[in-house]
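Please read the structure below before turning to the comments.
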2 protein chains.
Amino acid sequence: MSDCDTCLVRNRAICSALMPDELAVLSKLGRKQNVTRGQTLVWEGDESLVVANVIQGVLKLSVSTQDGREQIVGVVFPSDFIGRPFGKESPYGVTALTDAEVCIFTRTAFDGFAKEHPDLQHKLLQRTLDELDRARQWMMLLGRKTASERIATLLIEISDRLGAVGCSAIAPFLDKFELPMDRQQMGDLLGLTIETVSRQLTKLKEAEIIELPDRRSVVIKDRRRLENIATAA
Amino acid sequence: MSDCDTCLVRNRAICSALMPDELAVLSKLGRKQNVTRGQTLVWEGDESLVVANVIQGVLKLSVSTQDGREQIVGVVFPSDFIGRPFGKESPYGVTALTDAEVCIFTRTAFDGFAKEHPDLQHKLLQRTLDELDRARQWMMLLGRKTASERIATLLIEISDRLGAVGCSAIAPFLDKFELPMDRQQMGDLLGLTIETVSRQLTKLKEAEIIELPDRRSVVIKDRRRLENIATAA
DNA sequence: AGTCCGCATTGACCTAAGTCAAGCAAACGA
DNA sequence: TCGTTTGCTTGACTTAGGTCAATGCGGACT
């Protein structure tokens with residue numbers, strides 16, 4: 001891999017657990033790779049051959065039924081880790097939602113390196129625990145929330161996670177942002193149809209809680225009210 | 001804690017990563033505790049003060065909305081690990097579904113010990129990754145499956161996990177078992193109401209796919225067909 | 001400028017699951 | 001032994017969200 005020193009996510013990715021000399025070793029094992037929107041990095045059910053760090057862009061993790069229903073089970077942002085280390089086939093596919101850049105490793109090479117580096121494993125454990133918490137919050141959404149609660153929650157969540165990627169000191173709340181996905185993908189993430197997503201968005205727009213300047217943009221005009229809807233308060 | 005040597009789950013819990021002398025140290029930090037059905041070990045939103053291994057019994061992890069809707073986001077069986085190590089408040093409550101016995105540690109003591117024992121952390125990481133995969137499969141269920149698919153999936157899942165606890169060499173498929181939860185809890189786990197759970201169970205009974213000898217027992221009469229329903233094949 | 005084309009929106013209608021309200025039966029306590 | 005409670009089932013009705021079918025609209029290409 002070319003150059004960890006200039007990596008956009010070097011302070012936030014799991015690599016930040018490593019000392020410079022260790023990082024040099026790891027960097028030899030990986031390489032940067034560009035991925036274009038829609039490209040699939042890992043197929044659901046395939047043996048888990050690679051893991052990666054996201055440098056730029058947004059990717060989805062998704063599961064499908066035989067008859068084609070799809071559920072997005074995770075969305076990864078810059079500095080997040082992708083893949084299933086330590087054996088096992090990948091129970092979900094990984095596909096780019098936007099053009100992206102990842103720092104990719106073969107799973108076996110990464111596993112071997114990780115075994116020797118407890119600090120890296122520790123970071124990975126913390127990240128996995130956080131991801132598990134997030135997955136569980138999403139289970140509540142999928143199991144018990146109404147369509148409008150789901151949409152509101154999604155907008156807040158995306159705003160927060162995009163905000164965390166940028167400089168949060170300058171822009172603590174990101175009230176204007178680009179959706180990293182289309183309506184269908186929002187539906188696949190929320191367990192709704194595209195039509196319901198669309199209807200709920202126009203409802204929020206008509207209530208003047210958000211604006212939709214174009215198909216991909218969202219402006220949050222009344223964050224407080226949006227949060228109230230999201231938490232069913 | 002009294003005695004790891006005779007612990008029912010010593011070969012399967014994360015403790016199995018440790019050497020005898022290390023285990024002796026860990027055992028000093030924990031103690032066995034009995035929990036009765038319905039008792040809550042950790043409250044949702046409380047600071048995470050304890051972690052534990054499950055020795056016997058079944059517990060639920062659950063999240064609630066302000067207005068009282070509940071979603072069960074995880075079910076833990078003997079040898080599973082409970083709690084949120086390394087800081088943070090617990091985003092879910094932990095409550096016993098059956099009488100249970102756990103081996104409990106204060107979080108800080110456990111964290112300290114884990115930091116010194118990479119093998120233990122490695123086990124914990126693998127377990128957390130598995131748990132995350134399971135949570136994601138459940139997201140597919142909650143987001144995209146119909147009521148009958150959900151019920152069928154639940155019965156298969158409980159049968160499998162109870163089977164894994166017992167001796168799977170003797171009983172590879174557990175076709176008769178006790179549900180570790182009531183109808184309401186099945187609903188909370190599946191994102192359904194109690195009435196829908198009941199109706200779907202009677203439908204499976206009338207199709208002669210299962211039997212329901214009493215409120216807590218299930219007999220799987222036609223596993224193949226049940227699996228077909230579960231996977232929407 | 002005009003015409004595709006891929007999304008997104010909107011409307012009319014349908015249905016799976018929720019709600020509300022009885023019944024019912026095993027377990028429980030007097 | 002008989003109420004009472006607690007959990008489960010069943011039935012009648014409602015509804016949130018899905019389905020199907022137009023329609024709209026902005027961006028890319030000729």
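Ligands are numbered from 1 in the order shown, residues from 1 within each chain, and chains are lettered A, B, ... in the order they appear in the structure tokens.
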| said: Could you work out which residues of chain B fall inside 8 Å of chain D? Count only C-alpha atoms (C1' of nucleotides), and format the result as a PyMOL selection string. | reply: chain B and resi 198-199+215
Writing out the chosen residues with N, CA, C and O atoms as an mmCIF file, in the first residue's frame:
```cif
data_model
loop_
_atom_site.group_PDB
_atom_site.id
_atom_site.type_symbol
_atom_site.label_atom_id
_atom_site.label_comp_id
_atom_site.auth_asym_id
_atom_site.auth_seq_id
_atom_site.Cartn_x
_atom_site.Cartn_y
_atom_site.Cartn_z
ATOM 1 N N SER B 198 -49.887 -16.254 18.262
ATOM 2 C CA SER B 198 -50.794 -17.353 18.582
ATOM 3 C C SER B 198 -51.442 -17.929 17.324
ATOM 4 O O SER B 198 -51.477 -19.138 17.110
ATOM 5 N N ARG B 199 -51.932 -17.038 16.461
ATOM 6 C CA ARG B 199 -52.583 -17.500 15.237
ATOM 7 C C ARG B 199 -51.628 -18.276 14.342
ATOM 8 O O ARG B 199 -51.989 -19.310 13.776
ATOM 9 N N ARG B 215 -48.474 -25.137 26.831
ATOM 10 C CA ARG B 215 -48.146 -23.777 26.416
ATOM 11 C C ARG B 215 -46.652 -23.556 26.177
ATOM 12 O O ARG B 215 -46.276 -22.698 25.375
#
```
| request: Looking only at strand (DSSP E or B) from DSSP on the backbone, list the matching residues of chain A as a PyMOL selection string. | output: chain A and resi 31-35+40-42+47+50-56+59-64+70-76+81-82+89+93-96+100-106+176-178+210-211+217-220
For the residues in that selection, give me C-alpha atoms as an mmCIF file, in the first residue's frame.
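Result file is again21.cif:
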```
data_model
loop_
_atom_site.group_PDB
_atom_site.id
_atom_site.type_symbol
_atom_site.label_atom_id
_atom_site.label_comp_id
_atom_site.auth_asym_id
_atom_site.auth_seq_id
_atom_site.Cartn_x
_atom_site.Cartn_y
_atom_site.Cartn_z
ATOM 1 C CA ARG A 31 -3.336 -1.953 -0.929
ATOM 2 C CA LYS A 32 -5.642 0.891 -1.796
ATOM 3 C CA GLN A 33 -8.466 0.126 -4.146
ATOM 4 C CA ASN A 34 -11.076 2.277 -5.824
ATOM 5 C CA VAL A 35 -14.628 1.040 -5.995
ATOM 6 C CA THR A 40 -19.869 -5.422 -5.111
ATOM 7 C CA LEU A 41 -16.750 -6.112 -3.077
ATOM 8 C CA VAL A 42 -17.955 -9.264 -1.309
ATOM 9 C CA GLU A 47 -16.023 -17.419 1.635
ATOM 10 C CA VAL A 50 -10.847 -10.002 2.173
ATOM 11 C CA VAL A 51 -11.226 -7.374 4.864
ATOM 12 C CA ALA A 52 -10.774 -3.635 4.438
ATOM 13 C CA ASN A 53 -10.846 -0.176 5.912
ATOM 14 C CA VAL A 54 -13.050 2.416 4.271
ATOM 15 C CA ILE A 55 -11.080 5.509 3.324
ATOM 16 C CA GLN A 56 -13.704 7.402 1.348
ATOM 17 C CA LEU A 59 -20.922 1.062 1.362
ATOM 18 C CA LYS A 60 -23.835 -1.164 2.323
ATOM 19 C CA LEU A 61 -23.956 -4.628 3.877
ATOM 20 C CA SER A 62 -27.005 -6.520 2.684
ATOM 21 C CA VAL A 63 -28.825 -9.832 2.919
ATOM 22 C CA SER A 64 -31.350 -11.207 0.436
ATOM 23 C CA GLU A 70 -33.401 -7.383 0.292
ATOM 24 C CA GLN A 71 -32.525 -6.006 3.710
ATOM 25 C CA ILE A 72 -29.597 -3.675 4.248
ATOM 26 C CA VAL A 73 -28.053 -4.739 7.576
ATOM 27 C CA GLY A 74 -25.331 -2.143 7.860
ATOM 28 C CA VAL A 75 -23.911 0.990 6.290
ATOM 29 C CA VAL A 76 -20.210 1.715 6.546
ATOM 30 C CA PHE A 81 -13.903 -1.641 9.052
ATOM 31 C CA ILE A 82 -15.395 -4.087 6.536
ATOM 32 C CA GLU A 89 -18.147 -17.180 5.042
ATOM 33 C CA GLY A 93 -22.743 -8.863 0.656
ATOM 34 C CA VAL A 94 -20.766 -5.619 0.568
ATOM 35 C CA THR A 95 -21.614 -3.135 -2.179
ATOM 36 C CA ALA A 96 -20.595 0.470 -2.743
ATOM 37 C CA ALA A 100 -15.396 4.753 -2.681
ATOM 38 C CA GLU A 101 -11.809 4.064 -1.793
ATOM 39 C CA VAL A 102 -10.860 1.217 0.513
ATOM 40 C CA CYS A 103 -7.664 -0.146 1.978
ATOM 41 C CA ILE A 104 -7.951 -3.865 1.370
ATOM 42 C CA PHE A 105 -6.232 -6.945 2.891
ATOM 43 C CA THR A 106 -6.539 -10.650 2.269
ATOM 44 C CA LYS A 176 -27.709 19.963 4.981
ATOM 45 C CA PHE A 177 -26.323 16.825 3.409
ATOM 46 C CA GLU A 178 -26.406 14.464 0.455
ATOM 47 C CA ILE A 210 -37.208 19.151 6.087
ATOM 48 C CA GLU A 211 -36.527 20.437 2.581
ATOM 49 C CA SER A 217 -30.191 16.382 -0.861
ATOM 50 C CA VAL A 218 -31.837 16.902 2.483
ATOM 51 C CA VAL A 219 -32.013 20.021 4.619
ATOM 52 C CA ILE A 220 -33.150 19.598 8.180
#
```
Can you build me a table of chain A residues sitting at most 7 Å from chain B, with the closest atom pair per residue and its distance in Å to one decimal, using only C-alpha atoms, sorted by chain and residue number, as CSV?
```
residue,atom,partner,partner_atom,distance
A:Val63,CA,B:Met140,CA,6.8
A:Gln66,CA,B:Ala233,CA,6.6
A:Arg69,CA,B:Arg144,CA,6.7
A:Gln71,CA,B:Met140,CA,5.4
A:Val73,CA,B:Arg136,CA,5.6
A:Pro91,CA,B:Asp133,CA,6.9
A:Pro118,CA,B:Pro118,CA,5.8
A:Leu125,CA,B:Leu125,CA,5.3
A:Thr128,CA,B:Leu129,CA,6.7
A:Leu129,CA,B:Thr128,CA,6.7
A:Leu132,CA,B:Leu132,CA,5.3
A:Asp133,CA,B:Pro91,CA,6.9
A:Ala135,CA,B:Ala135,CA,6.6
A:Arg136,CA,B:Val73,CA,5.6
A:Met139,CA,B:Met139,CA,5.7
A:Met140,CA,B:Gln71,CA,5.4
A:Leu142,CA,B:Gly143,CA,5.4
A:Gly143,CA,B:Gly191,CA,4.2
A:Arg144,CA,B:Gly191,CA,6.0
A:Leu190,CA,B:Gly143,CA,6.9
A:Gly191,CA,B:Gly143,CA,4.2
A:Ala233,CA,B:Gln66,CA,6.6
```
| Which of these residues is nearest to chain B, using only C-alpha atoms (C1' of nucleotides): C:DA26, C:DC7, C:DC13, C:DA21? |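 Answer, going by the shortest atom-to-atom distance: C:DA26.
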| task | Using only C-alpha atoms (C1' of nucleotides), find which residues of chain B lie within 9 Å of chain C and jot them down as an MDAnalysis selection string. | result | chainID B and resid 146:147 192:193 195:196
Write the residues of the selection above to a file with all heavy atoms, as a short mmCIF file (atom, residue, chain, number, x, y, z; two decimals), in the first residue's frame.
```cif
data_model
loop_
_atom_site.label_atom_id
_atom_site.label_comp_id
_atom_site.auth_asym_id
_atom_site.auth_seq_id
_atom_site.Cartn_x
_atom_site.Cartn_y
_atom_site.Cartn_z
N THR B 146 -42.42 -12.30 6.53
CA THR B 146 -43.83 -12.32 6.93
C THR B 146 -43.95 -12.99 8.30
O THR B 146 -43.01 -13.62 8.79
CB THR B 146 -44.66 -13.13 5.94
OG1 THR B 146 -44.22 -14.49 5.98
CG2 THR B 146 -44.51 -12.61 4.52
N ALA B 147 -45.16 -12.88 8.87
CA ALA B 147 -45.39 -13.45 10.20
C ALA B 147 -45.09 -14.95 10.23
O ALA B 147 -44.43 -15.44 11.16
CB ALA B 147 -46.82 -13.18 10.64
N LEU B 192 -43.93 -8.78 16.42
CA LEU B 192 -45.33 -9.10 16.16
C LEU B 192 -46.14 -8.91 17.44
O LEU B 192 -45.58 -8.76 18.52
CB LEU B 192 -45.47 -10.56 15.71
CG LEU B 192 -44.76 -10.98 14.42
CD1 LEU B 192 -44.83 -12.49 14.25
CD2 LEU B 192 -45.36 -10.27 13.21
N THR B 193 -47.47 -8.97 17.32
CA THR B 193 -48.30 -8.96 18.52
C THR B 193 -48.51 -10.40 18.99
O THR B 193 -48.34 -11.36 18.23
CB THR B 193 -49.69 -8.37 18.23
OG1 THR B 193 -50.31 -9.13 17.20
CG2 THR B 193 -49.59 -6.93 17.81
N GLU B 195 -51.26 -11.85 19.56
CA GLU B 195 -52.34 -12.52 18.82
C GLU B 195 -51.83 -13.13 17.52
O GLU B 195 -52.19 -14.25 17.16
CB GLU B 195 -53.47 -11.52 18.49
CG GLU B 195 -54.25 -11.02 19.70
CD GLU B 195 -53.71 -9.70 20.21
OE1 GLU B 195 -52.49 -9.45 20.03
OE2 GLU B 195 -54.49 -8.93 20.79
N THR B 196 -50.98 -12.38 16.82
CA THR B 196 -50.43 -12.91 15.57
C THR B 196 -49.56 -14.14 15.84
O THR B 196 -49.62 -15.13 15.11
CB THR B 196 -49.61 -11.83 14.84
OG1 THR B 196 -50.48 -10.73 14.57
CG2 THR B 196 -49.06 -12.33 13.53
#
```
Skipping near chain neighbours, those fewer than 3 positions away, what residues fall within 9 Å of Leu154 of chain B using only C-alpha atoms (C1' of nucleotides), listed as a compact mmCIF listing (two decimals) with C-alpha atoms, in the first residue's frame?
```
# COMPACT_ATOMS: atom_id res chain seq x y z
CA GLU B 149 -41.70 -16.96 8.13
CA ARG B 150 -40.80 -15.26 11.41
CA ILE B 151 -42.45 -17.88 13.60
CA GLU B 157 -33.42 -21.04 15.88
CA ILE B 158 -34.49 -22.01 19.40
CA SER B 159 -34.29 -25.67 18.54
CA MET B 186 -42.02 -14.29 21.25
CA LEU B 189 -38.58 -10.84 19.64
CA LEU B 190 -40.31 -11.18 16.27
CA ALA B 230 -38.49 -20.14 7.56
```
| Point-to-point distance from atom CA of Glu227 of chain A to atom CA of Glu44 of chain B, Å rounded to tenths |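 Between atom CA of Glu227 of chain A and atom CA of Glu44 of chain B the gap works out to 19.8 Å.
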| message | Report, in Å with one decimal, the straight-line distance from atom CA of Glu208 of chain B to atom CA of Thr153 of chain B. | response | 16.7 Å
| request: Using DSSP on the backbone coordinates, identify the residues of segment 175-206 of chain A assigned to alpha helix (DSSP H); present them as a count of residues only. | output: 21
| field | atom CA of Cys4 of chain B to atom CA of Ala17 of chain B, distance in Å rounded to a single decimal | value |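 Atom CA of Cys4 of chain B sits 13.0 Å away from atom CA of Ala17 of chain B.
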